[in-house]
$ cat protein-v6.cif   # mmCIF, C-alpha atoms
data_entry
loop_
_atom_site.label_atom_id
_atom_site.label_comp_id
_atom_site.auth_asym_id
_atom_site.auth_seq_id
_atom_site.Cartn_x
_atom_site.Cartn_y
_atom_site.Cartn_z
CA PHE A 824 -61.35 77.44 -29.92
CA GLU A 825 -60.51 77.72 -26.21
CA ALA A 826 -56.94 77.59 -25.01
CA ASN A 827 -56.15 74.62 -22.78
CA ASN A 828 -53.65 76.64 -20.70
CA GLY A 829 -50.91 74.02 -21.22
CA LYS A 830 -53.09 71.13 -20.03
CA ASP A 831 -53.03 67.86 -21.91
CA ASP A 832 -56.30 66.62 -23.36
CA ASN A 833 -55.65 63.28 -21.63
CA SER A 834 -55.44 64.86 -18.18
CA HIS A 835 -58.91 63.59 -17.33
CA SER A 836 -58.20 60.04 -18.54
CA PRO A 837 -58.35 57.34 -15.80
CA THR A 838 -54.83 56.29 -16.72
CA ALA A 839 -53.38 59.74 -16.76
CA HIS A 840 -52.36 59.67 -13.09
CA LEU A 841 -50.84 56.13 -13.16
CA SER A 842 -47.06 56.13 -12.87
CA CYS A 843 -44.42 53.43 -13.54
CA THR A 844 -42.19 54.95 -10.89
CA PRO A 845 -42.46 53.00 -7.61
CA THR A 846 -43.13 54.78 -4.37
CA PRO A 847 -40.33 55.00 -1.77
CA GLN A 848 -42.07 52.27 0.24
CA GLN A 849 -42.20 49.97 -2.80
CA THR A 850 -38.55 50.68 -3.61
CA SER A 851 -37.50 49.83 -0.04
CA LYS A 852 -39.48 46.59 -0.13
CA MET A 853 -37.99 45.53 -3.47
CA GLN A 854 -34.46 46.22 -2.24
CA ALA A 855 -35.10 44.19 0.90
CA ASN A 856 -36.40 41.27 -1.14
CA THR A 857 -33.40 41.45 -3.44
CA MET A 858 -30.87 41.58 -0.62
CA GLU A 859 -32.56 38.99 1.54
CA GLY A 860 -30.58 35.76 1.49
CA ARG A 861 -31.93 32.26 1.62
CA GLY A 862 -31.28 29.95 4.54
CA THR A 863 -31.13 30.31 8.29
CA ASN A 864 -30.04 33.40 10.19
CA ALA A 865 -27.10 31.41 11.60
CA MET A 866 -25.84 30.69 8.08
CA GLN A 867 -26.28 34.31 7.05
CA SER A 868 -24.45 35.53 10.16
CA HIS A 869 -21.39 33.30 9.85
CA LEU A 870 -20.89 33.16 6.09
CA SER A 871 -21.68 36.72 5.03
CA SER A 872 -18.08 37.90 5.49
CA CYS A 873 -16.32 34.53 5.30
CA VAL A 874 -13.75 34.20 2.50
CA LYS A 875 -12.01 30.98 3.55
CA MET A 876 -12.95 27.96 5.65
CA ASP A 877 -11.12 24.90 6.96
CA ILE A 878 -13.08 21.65 7.19
CA ARG A 879 -11.53 18.81 9.15
CA GLN A 880 -12.79 15.27 9.38
CA THR A 881 -12.39 13.80 12.85
CA ARG A 882 -10.92 10.39 13.65
CA ARG A 883 -14.27 9.28 15.03
CA GLY A 884 -14.67 5.50 14.66
CA TRP A 885 -11.03 4.83 13.76
CA CYS A 886 -11.13 1.58 15.71
CA GLN A 887 -14.18 0.44 13.73
CA GLU A 888 -12.38 1.20 10.49
CA LEU A 889 -9.35 -0.84 11.53
CA LEU A 890 -11.74 -3.77 12.05
CA GLY A 891 -13.21 -3.35 8.56
CA CYS A 892 -16.35 -1.37 9.42
CA ASP A 893 -17.23 2.07 8.10
CA ALA A 894 -17.95 4.62 10.83
CA ARG A 895 -20.22 7.63 10.44
CA THR A 896 -18.21 10.59 9.20
CA GLU A 897 -17.91 13.64 11.42
CA PHE A 898 -16.57 17.07 10.50
CA LYS A 899 -15.52 20.24 12.28
CA TYR A 900 -15.61 23.60 10.52
CA PHE A 901 -13.24 26.48 11.24
CA ILE A 902 -13.20 30.14 10.24
CA GLY A 903 -9.70 31.26 11.08
CA ASN A 904 -8.72 29.46 14.28
CA ASP A 905 -12.25 29.30 15.66
CA GLN A 906 -14.46 26.26 15.29
CA VAL A 907 -17.94 27.44 14.31
CA PHE A 908 -19.80 24.37 12.99
CA GLU A 909 -19.92 20.60 13.33
CA SER A 910 -21.70 17.83 11.45
CA LEU A 911 -22.32 14.08 11.74
CA GLU A 912 -23.46 11.78 8.97
CA ASP A 913 -26.91 10.23 9.33
CA ALA A 914 -26.96 6.84 7.59
CA SER A 915 -27.77 3.30 8.63
CA CYS A 916 -24.99 0.93 9.63
CA MET A 917 -26.04 -1.60 6.98
CA CYS A 918 -25.93 0.99 4.19
CA ARG A 919 -22.47 2.15 5.24
CA PHE A 920 -21.17 -1.40 5.53
CA CYS A 921 -22.62 -2.75 2.26
CA CYS A 922 -22.84 0.26 -0.02
CA ALA A 923 -20.20 2.80 1.08
CA PRO A 924 -19.30 5.16 -0.39
CA MET A 925 -22.35 5.03 -2.70
CA HIS A 926 -24.78 4.85 0.23
CA PRO A 927 -27.51 7.46 0.73
CA TYR A 928 -27.15 9.79 3.69
CA THR A 929 -28.14 13.14 5.11
CA MET A 930 -25.79 15.39 7.01
CA THR A 931 -26.78 18.57 8.84
CA VAL A 932 -24.10 21.14 9.55
CA LYS A 933 -24.96 22.83 12.87
CA GLU A 934 -23.71 25.86 14.71
CA LEU A 935 -21.36 24.75 17.46
CA THR A 936 -22.86 26.66 20.37
CA THR A 937 -26.60 26.62 19.57
CA GLU A 938 -26.93 23.62 17.22
CA SER A 939 -28.85 25.86 14.83
CA GLU A 940 -28.97 24.43 11.31
CA ILE A 941 -26.54 25.90 8.81
CA VAL A 942 -27.04 23.63 5.80
CA THR A 943 -28.31 20.09 5.25
CA ILE A 944 -26.89 17.76 2.61
CA ASP A 945 -29.18 15.09 1.15
CA ARG A 946 -27.29 12.62 -0.98
CA PRO A 947 -29.26 9.75 -2.60
CA PHE A 948 -27.86 6.38 -3.63
CA ARG A 949 -26.02 6.75 -6.93
CA CYS A 950 -23.29 4.92 -8.84
CA MET A 951 -19.79 6.24 -8.21
CA PRO A 952 -18.44 8.90 -10.61
CA SER A 953 -17.25 7.27 -13.80
CA GLY A 954 -16.65 8.33 -17.37
CA CYS A 955 -19.06 7.79 -20.24
CA LYS A 956 -21.95 6.49 -18.16
CA CYS A 957 -25.45 7.28 -19.37
CA CYS A 958 -27.40 7.40 -16.10
CA CYS A 959 -27.24 7.27 -12.29
CA TYR A 960 -25.12 10.42 -12.11
CA GLN A 961 -23.89 11.52 -8.70
CA GLU A 962 -25.95 14.32 -7.17
CA ALA A 963 -26.95 15.94 -3.89
CA SER A 964 -29.33 18.67 -2.76
CA PHE A 965 -28.62 21.42 -0.25
CA THR A 966 -31.20 23.05 2.02
CA SER A 967 -31.11 25.45 4.95
CA GLY A 968 -33.99 25.93 7.34
CA GLY A 969 -36.27 24.01 4.99
CA THR A 970 -35.39 26.35 2.12
CA MET A 971 -33.78 24.96 -1.02
CA LEU A 972 -30.34 26.41 -1.70
CA GLY A 973 -29.46 24.35 -4.75
CA THR A 974 -28.04 21.09 -6.06
CA ILE A 975 -24.84 19.59 -7.41
CA LYS A 976 -24.86 17.10 -10.29
CA GLU A 977 -22.23 15.06 -12.06
CA ASP A 978 -21.64 15.96 -15.71
CA TYR A 979 -21.15 13.55 -18.58
CA TRP A 980 -17.36 13.28 -18.80
CA TYR A 981 -14.60 11.19 -20.38
CA CYS A 982 -11.31 11.59 -18.51
CA VAL A 983 -11.65 14.05 -15.61
CA PRO A 984 -14.71 14.05 -13.30
CA SER A 985 -16.73 17.24 -13.63
CA PHE A 986 -19.70 18.65 -11.69
CA LYS A 987 -22.09 21.58 -11.91
CA ILE A 988 -23.71 23.46 -9.04
CA PHE A 989 -27.21 24.85 -9.59
CA ASP A 990 -29.06 27.45 -7.55
CA HIS A 991 -32.58 27.05 -6.16
CA THR A 992 -34.10 28.06 -9.52
CA GLY A 993 -32.16 25.40 -11.42
CA GLU A 994 -29.79 27.87 -13.04
CA PRO A 995 -26.14 26.71 -13.21
CA VAL A 996 -23.80 28.73 -11.00
CA TYR A 997 -20.42 26.97 -10.95
CA LYS A 998 -18.44 24.27 -12.72
CA ILE A 999 -16.09 22.21 -10.55
CA HIS A 1000 -13.33 19.83 -11.58
CA GLN A 1001 -9.68 19.09 -10.88
CA PRO A 1002 -6.98 21.04 -12.72
CA THR A 1003 -6.13 19.39 -16.02
CA CYS A 1004 -3.33 19.10 -18.56
CA TRP A 1005 -2.92 17.66 -22.05
CA GLY A 1006 -5.97 19.48 -23.31
CA GLY A 1007 -8.19 18.29 -20.48
CA MET A 1008 -7.29 14.62 -20.94
CA CYS A 1009 -5.47 14.17 -17.61
CA VAL A 1010 -5.51 15.47 -14.06
CA ASN A 1011 -2.61 17.82 -13.47
CA CYS A 1012 -0.96 16.28 -10.41
CA CYS A 1013 1.56 19.13 -10.23
CA ALA A 1014 -1.00 21.95 -10.18
CA GLU A 1015 -0.50 22.60 -6.44
CA GLY A 1016 3.25 21.95 -6.45
CA ASN A 1017 5.66 19.07 -6.88
CA PRO A 1018 3.91 15.88 -5.62
CA CYS A 1019 7.23 14.90 -4.04
CA GLY A 1020 7.62 18.30 -2.37
CA LYS A 1021 5.20 21.00 -1.23
CA GLY A 1022 2.42 19.54 -3.37
CA CYS A 1023 2.54 16.18 -1.58
CA CYS A 1024 -0.93 14.80 -0.71
CA LYS A 1025 -2.67 17.94 -2.03
CA VAL A 1026 -5.67 17.43 -4.28
CA SER A 1027 -7.57 20.44 -5.59
CA PHE A 1028 -10.95 20.97 -7.20
CA ARG A 1029 -11.22 24.33 -8.93
CA MET A 1030 -14.35 26.45 -9.31
CA TYR A 1031 -15.27 28.22 -12.53
CA PRO A 1032 -18.26 30.35 -13.52
CA ALA A 1033 -20.93 28.19 -15.13
CA ASP A 1034 -20.79 30.26 -18.33
CA GLN A 1035 -17.00 30.07 -18.71
CA ALA A 1036 -16.38 28.02 -21.85
CA GLU A 1037 -12.69 27.17 -21.33
CA THR A 1038 -11.79 25.58 -17.99
CA ASP A 1039 -8.91 23.27 -18.91
CA GLY A 1040 -5.19 23.81 -18.46
CA GLU A 1041 -4.27 27.24 -17.09
CA ALA A 1042 -7.75 28.71 -17.49
CA PRO A 1043 -8.54 31.27 -14.76
CA TYR A 1044 -10.57 29.99 -11.82
CA ILE A 1045 -12.47 31.86 -9.11
CA GLY A 1046 -12.27 29.53 -6.10
CA MET A 1047 -10.95 26.21 -4.90
CA ILE A 1048 -11.61 23.23 -2.66
CA MET A 1049 -8.30 21.64 -1.69
CA LYS A 1050 -7.63 18.48 0.26
CA LYS A 1051 -4.65 19.13 2.52
CA PRO A 1052 -2.27 16.58 4.08
CA LYS A 1053 -2.64 15.72 7.76
CA SER A 1054 -0.26 13.91 10.09
CA LEU A 1055 1.42 10.71 8.90
CA LYS A 1056 -0.45 8.66 11.52
CA THR A 1057 -3.79 10.06 10.41
CA GLU A 1058 -3.02 9.48 6.74
CA LEU A 1059 -1.91 5.88 7.30
CA PHE A 1060 -4.46 4.57 9.79
CA THR A 1061 -7.64 6.52 9.07
CA ASP A 1062 -9.43 8.13 6.13
CA ALA A 1063 -9.86 11.41 8.04
CA ASP A 1064 -9.25 14.29 5.65
CA ALA A 1065 -8.76 18.04 5.88
CA PHE A 1066 -9.98 20.58 3.34
CA GLU A 1067 -9.50 24.25 2.68
CA VAL A 1068 -12.27 26.11 0.87
CA ASP A 1069 -11.52 29.41 -0.87
CA PHE A 1070 -14.83 31.02 -1.77
CA PRO A 1071 -15.23 33.10 -4.95
CA GLU A 1072 -15.18 36.84 -4.29
CA THR A 1073 -18.65 37.27 -5.75
CA ALA A 1074 -20.20 34.28 -3.94
CA THR A 1075 -23.41 35.01 -2.06
CA VAL A 1076 -24.13 33.45 1.34
CA ASP A 1077 -26.31 30.86 -0.44
CA HIS A 1078 -23.43 29.94 -2.73
CA LYS A 1079 -20.98 29.69 0.16
CA GLY A 1080 -23.34 27.32 1.95
CA MET A 1081 -23.54 25.14 -1.16
CA LEU A 1082 -19.76 25.16 -1.68
CA MET A 1083 -19.20 24.21 1.95
CA ALA A 1084 -21.61 21.30 1.47
CA THR A 1085 -19.96 20.42 -1.85
CA THR A 1086 -16.74 19.77 0.06
CA ILE A 1087 -18.50 16.99 2.00
CA PHE A 1088 -19.94 15.65 -1.26
CA ILE A 1089 -16.47 15.55 -2.84
CA ASN A 1090 -15.01 13.82 0.20
CA THR A 1091 -17.66 11.11 -0.02
CA ASN A 1092 -17.04 10.44 -3.69
CA PHE A 1093 -13.26 10.58 -3.82
CA PHE A 1094 -11.69 10.11 -0.39
CA GLU A 1095 -13.88 7.82 1.71
CA GLY A 1096 -12.02 4.52 2.11
CA ALA A 1097 -9.91 2.65 -0.39
CA GLU A 1098 -12.96 2.02 -2.54
CA GLY A 1099 -13.91 5.71 -2.49
CA GLY A 1100 -11.76 6.62 -5.46
CA GLY A 1101 -9.16 8.62 -3.57
CA ASP A 1102 -6.31 7.25 -5.69
CA ALA A 1103 -8.09 8.27 -8.86
CA ALA A 1104 -8.69 11.77 -7.57
CA ALA A 1105 -5.06 12.21 -6.61
#

$ encode --input "protein-v6.cif" --output "structure tokens"
Amino acid sequence: FEANNGKDDNSHSPTAHLSCTPTPQQTSKMQANTMEGRGTNAMQSHLSSCVKMDIRQTRRGWCQELLGCDARTEFKYFIGNDQVFESLEDASCMCRFCCAPMHPYTMTVKELTTESEIVTIDRPFRCMPSGCKCCCYQEASFTSGGTMLGTIKEDYWYCVPSFKIFDHTGEPVYKIHQPTCWGGMCVNCCAEGNPCGKGCCKVSFRMYPADQAETDGEAPYIGMIMKKPKSLKTELFTDADAFEVDFPETATVDHKGMLMATTIFINTNFFEGAEGGGDAAA
């Protein structure tokens, strides 16, 4: 017998030199693909370090609303004290007049200076949120630069409206609903403070991880969309609203884009006009 000098008998096999360890170039490419966000560069640039955003509906069309018409909704978006985005609803006059707030619309949030797309909301015609219904659930899809970010869909619910946000693969990411009491049977109107004091005119929607089983009562939450009070004149004579969005700490840029768009979706369903369900949400 001849000694093999420490060599393996399989050293001449075709598979002997194959390795499962990626090359440095492959590793760099995989990391780039993992870190690469979806959506436009403008969205990535503005939202990557954003932790809080103010969204304010303008009083555009207030005269129309006093005359009984429903004007196209317009929003301004602020990071700190700086306005960075703006958006204007795209829907036909007849749809707004006859079907609001159930009417279908699209709304593109654009960068203020360049009008580059940030995120586009596409909301089809659906019945208003209501308990125990079996079909026609509220939903909307969110895209950016032609790339799907995700969707939001109304859950089946009994007492408190509930929604889920899904990513572009269809996996659930967040649950969203108002704070509750009495075992989830009622909306907790005092969650943000005494309604007759500092909690006056505040309505919050809390964000929870999609896999968190318990979200009622004092269950921990990771983010919030809160409707804030505006001036008395604005509150009385228009339906212009103001929102504050606190993003979850672990939210990606894609998720922040969807949560920003979810704020518009919530405004449509709960705060647009007397028929928009604002009293129920409060």

$ closest_residue --input "protein-v6.cif" --among "A:Tyr960, A:Phe965, A:Tyr981, A:Tyr900" --to "Thr1085 of chain A" --atoms "all atoms listed in the file"
A:Phe965

$ atom_distance --input "protein-v6.cif" --atom1 "atom CA of Met1047 of chain A" --atom2 "atom CA of Ser1027 of chain A"
6.7 Å

$ closest_residue --input "protein-v6.cif" --among "A:Ser910, A:Ala963, A:Thr896, A:Met1030" --to "Ala923 of chain A" --atoms "only C-alpha atoms"
A:Thr896

$ closest_residue --input "protein-v6.cif" --among "A:Cys1023, A:Ile1087, A:Cys1009, A:Ile975" --to "Ala1063 of chain A" --atoms "only C-alpha atoms"
A:Ile1087

$ resolve_selection --input "protein-v6.cif" --expression "the PyMOL selection byres ((chain A and resi 1068) around 6)" --output "list of chain:residue names"
A:Lys875, A:Met876, A:Met1047, A:Ile1048, A:Glu1067, A:Asp1069

$ residues_around --input "protein-v6.cif" --residues "Asp1034 of chain A" --least-positions-apart "3" --cutoff "12 Å" --atoms "all atoms listed in the file" --output "count of residues only"
11

$ closest_residue --input "protein-v6.cif" --among "A:Asn904, A:Asn1092, A:Thr1086, A:Thr863" --to "Met971 of chain A" --atoms "all atoms listed in the file"
A:Thr863

$ resolve_selection --input "protein-v6.cif" --expression "the PyMOL selection byres ((chain A and resi 940-947) around 8)" --output "PyMOL selection string"
chain A and resi 862-863+865-866+926-934+938-939+948-949+962-968+1080-1081+1084+1088

$ residues_around --input "protein-v6.cif" --residues "Thr1073 of chain A" --least-positions-apart "2" --cutoff "12 Å" --atoms "all atoms listed in the file" --output "PDB file with C-alpha atoms, keeping the file's coordinate frame"
ATOM      1  CA  SER A 871     -21.680  36.720   5.030  1.00  0.00           C
ATOM      2  CA  SER A 872     -18.080  37.900   5.490  1.00  0.00           C
ATOM      3  CA  CYS A 873     -16.320  34.530   5.300  1.00  0.00           C
ATOM      4  CA  VAL A 874     -13.750  34.200   2.500  1.00  0.00           C
ATOM      5  CA  VAL A 996     -23.800  28.730 -11.000  1.00  0.00           C
ATOM      6  CA  TYR A 997     -20.420  26.970 -10.950  1.00  0.00           C
ATOM      7  CA  TYR A1031     -15.270  28.220 -12.530  1.00  0.00           C
ATOM      8  CA  PRO A1032     -18.260  30.350 -13.520  1.00  0.00           C
ATOM      9  CA  ILE A1045     -12.470  31.860  -9.110  1.00  0.00           C
ATOM     10  CA  GLY A1046     -12.270  29.530  -6.100  1.00  0.00           C
ATOM     11  CA  ASP A1069     -11.520  29.410  -0.870  1.00  0.00           C
ATOM     12  CA  PHE A1070     -14.830  31.020  -1.770  1.00  0.00           C
ATOM     13  CA  PRO A1071     -15.230  33.100  -4.950  1.00  0.00           C
ATOM     14  CA  THR A1075     -23.410  35.010  -2.060  1.00  0.00           C
ATOM     15  CA  VAL A1076     -24.130  33.450   1.340  1.00  0.00           C
ATOM     16  CA  ASP A1077     -26.310  30.860  -0.440  1.00  0.00           C
ATOM     17  CA  HIS A1078     -23.430  29.940  -2.730  1.00  0.00           C
ATOM     18  CA  LYS A1079     -20.980  29.690   0.160  1.00  0.00           C
TER      19      LYS A1079
END

$ build_atoms --input "protein-v6.cif" --residues "segment 977-988 of chain A" --atoms "all heavy atoms" --output "mmCIF file, in the frame of the given file"
data_model
loop_
_atom_site.group_PDB
_atom_site.id
_atom_site.type_symbol
_atom_site.label_atom_id
_atom_site.label_comp_id
_atom_site.auth_asym_id
_atom_site.auth_seq_id
_atom_site.Cartn_x
_atom_site.Cartn_y
_atom_site.Cartn_z
ATOM 1 N N GLU A 977 -23.357 15.516 -11.248
ATOM 2 C CA GLU A 977 -22.230 15.060 -12.060
ATOM 3 C C GLU A 977 -22.526 15.286 -13.527
ATOM 4 O O GLU A 977 -23.629 15.018 -14.003
ATOM 5 C CB GLU A 977 -21.981 13.575 -11.783
ATOM 6 C CG GLU A 977 -20.838 12.968 -12.571
ATOM 7 C CD GLU A 977 -20.731 11.455 -12.365
ATOM 8 O OE1 GLU A 977 -21.598 10.885 -11.664
ATOM 9 O OE2 GLU A 977 -19.788 10.852 -12.914
ATOM 10 N N ASP A 978 -21.518 15.789 -14.267
ATOM 11 C CA ASP A 978 -21.640 15.960 -15.710
ATOM 12 C C ASP A 978 -21.336 14.647 -16.427
ATOM 13 O O ASP A 978 -20.789 13.708 -15.840
ATOM 14 C CB ASP A 978 -20.654 17.021 -16.209
ATOM 15 C CG ASP A 978 -21.054 18.422 -15.785
ATOM 16 O OD1 ASP A 978 -22.264 18.677 -15.650
ATOM 17 O OD2 ASP A 978 -20.152 19.256 -15.590
ATOM 18 N N TYR A 979 -21.658 14.612 -17.714
ATOM 19 C CA TYR A 979 -21.150 13.550 -18.580
ATOM 20 C C TYR A 979 -19.695 13.905 -18.886
ATOM 21 O O TYR A 979 -19.393 14.993 -19.354
ATOM 22 C CB TYR A 979 -21.967 13.486 -19.862
ATOM 23 C CG TYR A 979 -21.526 12.391 -20.812
ATOM 24 C CD1 TYR A 979 -22.042 11.099 -20.702
ATOM 25 C CD2 TYR A 979 -20.582 12.647 -21.810
ATOM 26 C CE1 TYR A 979 -21.630 10.098 -21.559
ATOM 27 C CE2 TYR A 979 -20.166 11.651 -22.674
ATOM 28 C CZ TYR A 979 -20.697 10.378 -22.546
ATOM 29 O OH TYR A 979 -20.284 9.377 -23.396
ATOM 30 N N TRP A 980 -18.770 12.979 -18.599
ATOM 31 C CA TRP A 980 -17.360 13.280 -18.800
ATOM 32 C C TRP A 980 -16.627 12.043 -19.298
ATOM 33 O O TRP A 980 -17.128 10.919 -19.221
ATOM 34 C CB TRP A 980 -16.716 13.803 -17.513
ATOM 35 C CG TRP A 980 -16.907 12.922 -16.294
ATOM 36 C CD1 TRP A 980 -17.964 12.898 -15.438
ATOM 37 C CD2 TRP A 980 -15.986 11.925 -15.814
ATOM 38 N NE1 TRP A 980 -17.785 11.963 -14.465
ATOM 39 C CE2 TRP A 980 -16.576 11.353 -14.657
ATOM 40 C CE3 TRP A 980 -14.740 11.465 -16.228
ATOM 41 C CZ2 TRP A 980 -15.950 10.326 -13.928
ATOM 42 C CZ3 TRP A 980 -14.115 10.468 -15.498
ATOM 43 C CH2 TRP A 980 -14.718 9.910 -14.362
ATOM 44 N N TYR A 981 -15.406 12.280 -19.810
ATOM 45 C CA TYR A 981 -14.600 11.190 -20.380
ATOM 46 C C TYR A 981 -13.399 10.848 -19.497
ATOM 47 O O TYR A 981 -13.219 9.688 -19.140
ATOM 48 C CB TYR A 981 -14.102 11.576 -21.773
ATOM 49 C CG TYR A 981 -15.196 11.744 -22.799
ATOM 50 C CD1 TYR A 981 -15.660 13.010 -23.131
ATOM 51 C CD2 TYR A 981 -15.770 10.639 -23.422
ATOM 52 C CE1 TYR A 981 -16.664 13.175 -24.066
ATOM 53 C CE2 TYR A 981 -16.781 10.789 -24.353
ATOM 54 C CZ TYR A 981 -17.230 12.055 -24.680
ATOM 55 O OH TYR A 981 -18.234 12.213 -25.594
ATOM 56 N N CYS A 982 -12.588 11.852 -19.184
ATOM 57 C CA CYS A 982 -11.310 11.590 -18.510
ATOM 58 C C CYS A 982 -11.223 12.173 -17.105
ATOM 59 O O CYS A 982 -10.637 11.553 -16.221
ATOM 60 C CB CYS A 982 -10.156 12.139 -19.356
ATOM 61 S SG CYS A 982 -10.088 11.447 -21.030
ATOM 62 N N VAL A 983 -11.764 13.365 -16.907
ATOM 63 C CA VAL A 983 -11.650 14.050 -15.610
ATOM 64 C C VAL A 983 -13.057 14.313 -15.071
ATOM 65 O O VAL A 983 -13.864 14.949 -15.747
ATOM 66 C CB VAL A 983 -10.872 15.375 -15.745
ATOM 67 C CG1 VAL A 983 -10.798 16.085 -14.401
ATOM 68 C CG2 VAL A 983 -9.466 15.110 -16.282
ATOM 69 N N PRO A 984 -13.374 13.827 -13.868
ATOM 70 C CA PRO A 984 -14.710 14.050 -13.300
ATOM 71 C C PRO A 984 -15.060 15.537 -13.232
ATOM 72 O O PRO A 984 -14.233 16.365 -12.856
ATOM 73 C CB PRO A 984 -14.598 13.454 -11.888
ATOM 74 C CG PRO A 984 -13.490 12.455 -11.986
ATOM 75 C CD PRO A 984 -12.520 13.030 -12.974
ATOM 76 N N SER A 985 -16.285 15.854 -13.596
ATOM 77 C CA SER A 985 -16.730 17.240 -13.630
ATOM 78 C C SER A 985 -18.140 17.340 -13.051
ATOM 79 O O SER A 985 -18.970 16.436 -13.239
ATOM 80 C CB SER A 985 -16.725 17.744 -15.078
ATOM 81 O OG SER A 985 -17.221 19.053 -15.166
ATOM 82 N N PHE A 986 -18.409 18.439 -12.334
ATOM 83 C CA PHE A 986 -19.700 18.650 -11.690
ATOM 84 C C PHE A 986 -20.188 20.064 -11.944
ATOM 85 O O PHE A 986 -19.394 20.967 -12.210
ATOM 86 C CB PHE A 986 -19.578 18.428 -10.169
ATOM 87 C CG PHE A 986 -19.095 17.066 -9.780
ATOM 88 C CD1 PHE A 986 -17.739 16.794 -9.684
ATOM 89 C CD2 PHE A 986 -19.995 16.042 -9.507
ATOM 90 C CE1 PHE A 986 -17.289 15.528 -9.336
ATOM 91 C CE2 PHE A 986 -19.556 14.785 -9.149
ATOM 92 C CZ PHE A 986 -18.202 14.523 -9.063
ATOM 93 N N LYS A 987 -21.501 20.243 -11.846
ATOM 94 C CA LYS A 987 -22.090 21.580 -11.910
ATOM 95 C C LYS A 987 -22.931 21.813 -10.662
ATOM 96 O O LYS A 987 -23.606 20.904 -10.167
ATOM 97 C CB LYS A 987 -22.981 21.740 -13.144
ATOM 98 C CG LYS A 987 -22.257 22.058 -14.428
ATOM 99 C CD LYS A 987 -23.230 22.535 -15.494
ATOM 100 C CE LYS A 987 -22.505 22.817 -16.811
ATOM 101 N NZ LYS A 987 -22.131 21.579 -17.488
ATOM 102 N N ILE A 988 -22.880 23.042 -10.163
ATOM 103 C CA ILE A 988 -23.710 23.460 -9.040
ATOM 104 C C ILE A 988 -24.811 24.364 -9.566
ATOM 105 O O ILE A 988 -24.537 25.299 -10.339
ATOM 106 C CB ILE A 988 -22.877 24.185 -7.972
ATOM 107 C CG1 ILE A 988 -21.865 23.217 -7.346
ATOM 108 C CG2 ILE A 988 -23.765 24.779 -6.887
ATOM 109 C CD1 ILE A 988 -20.980 23.851 -6.300
#
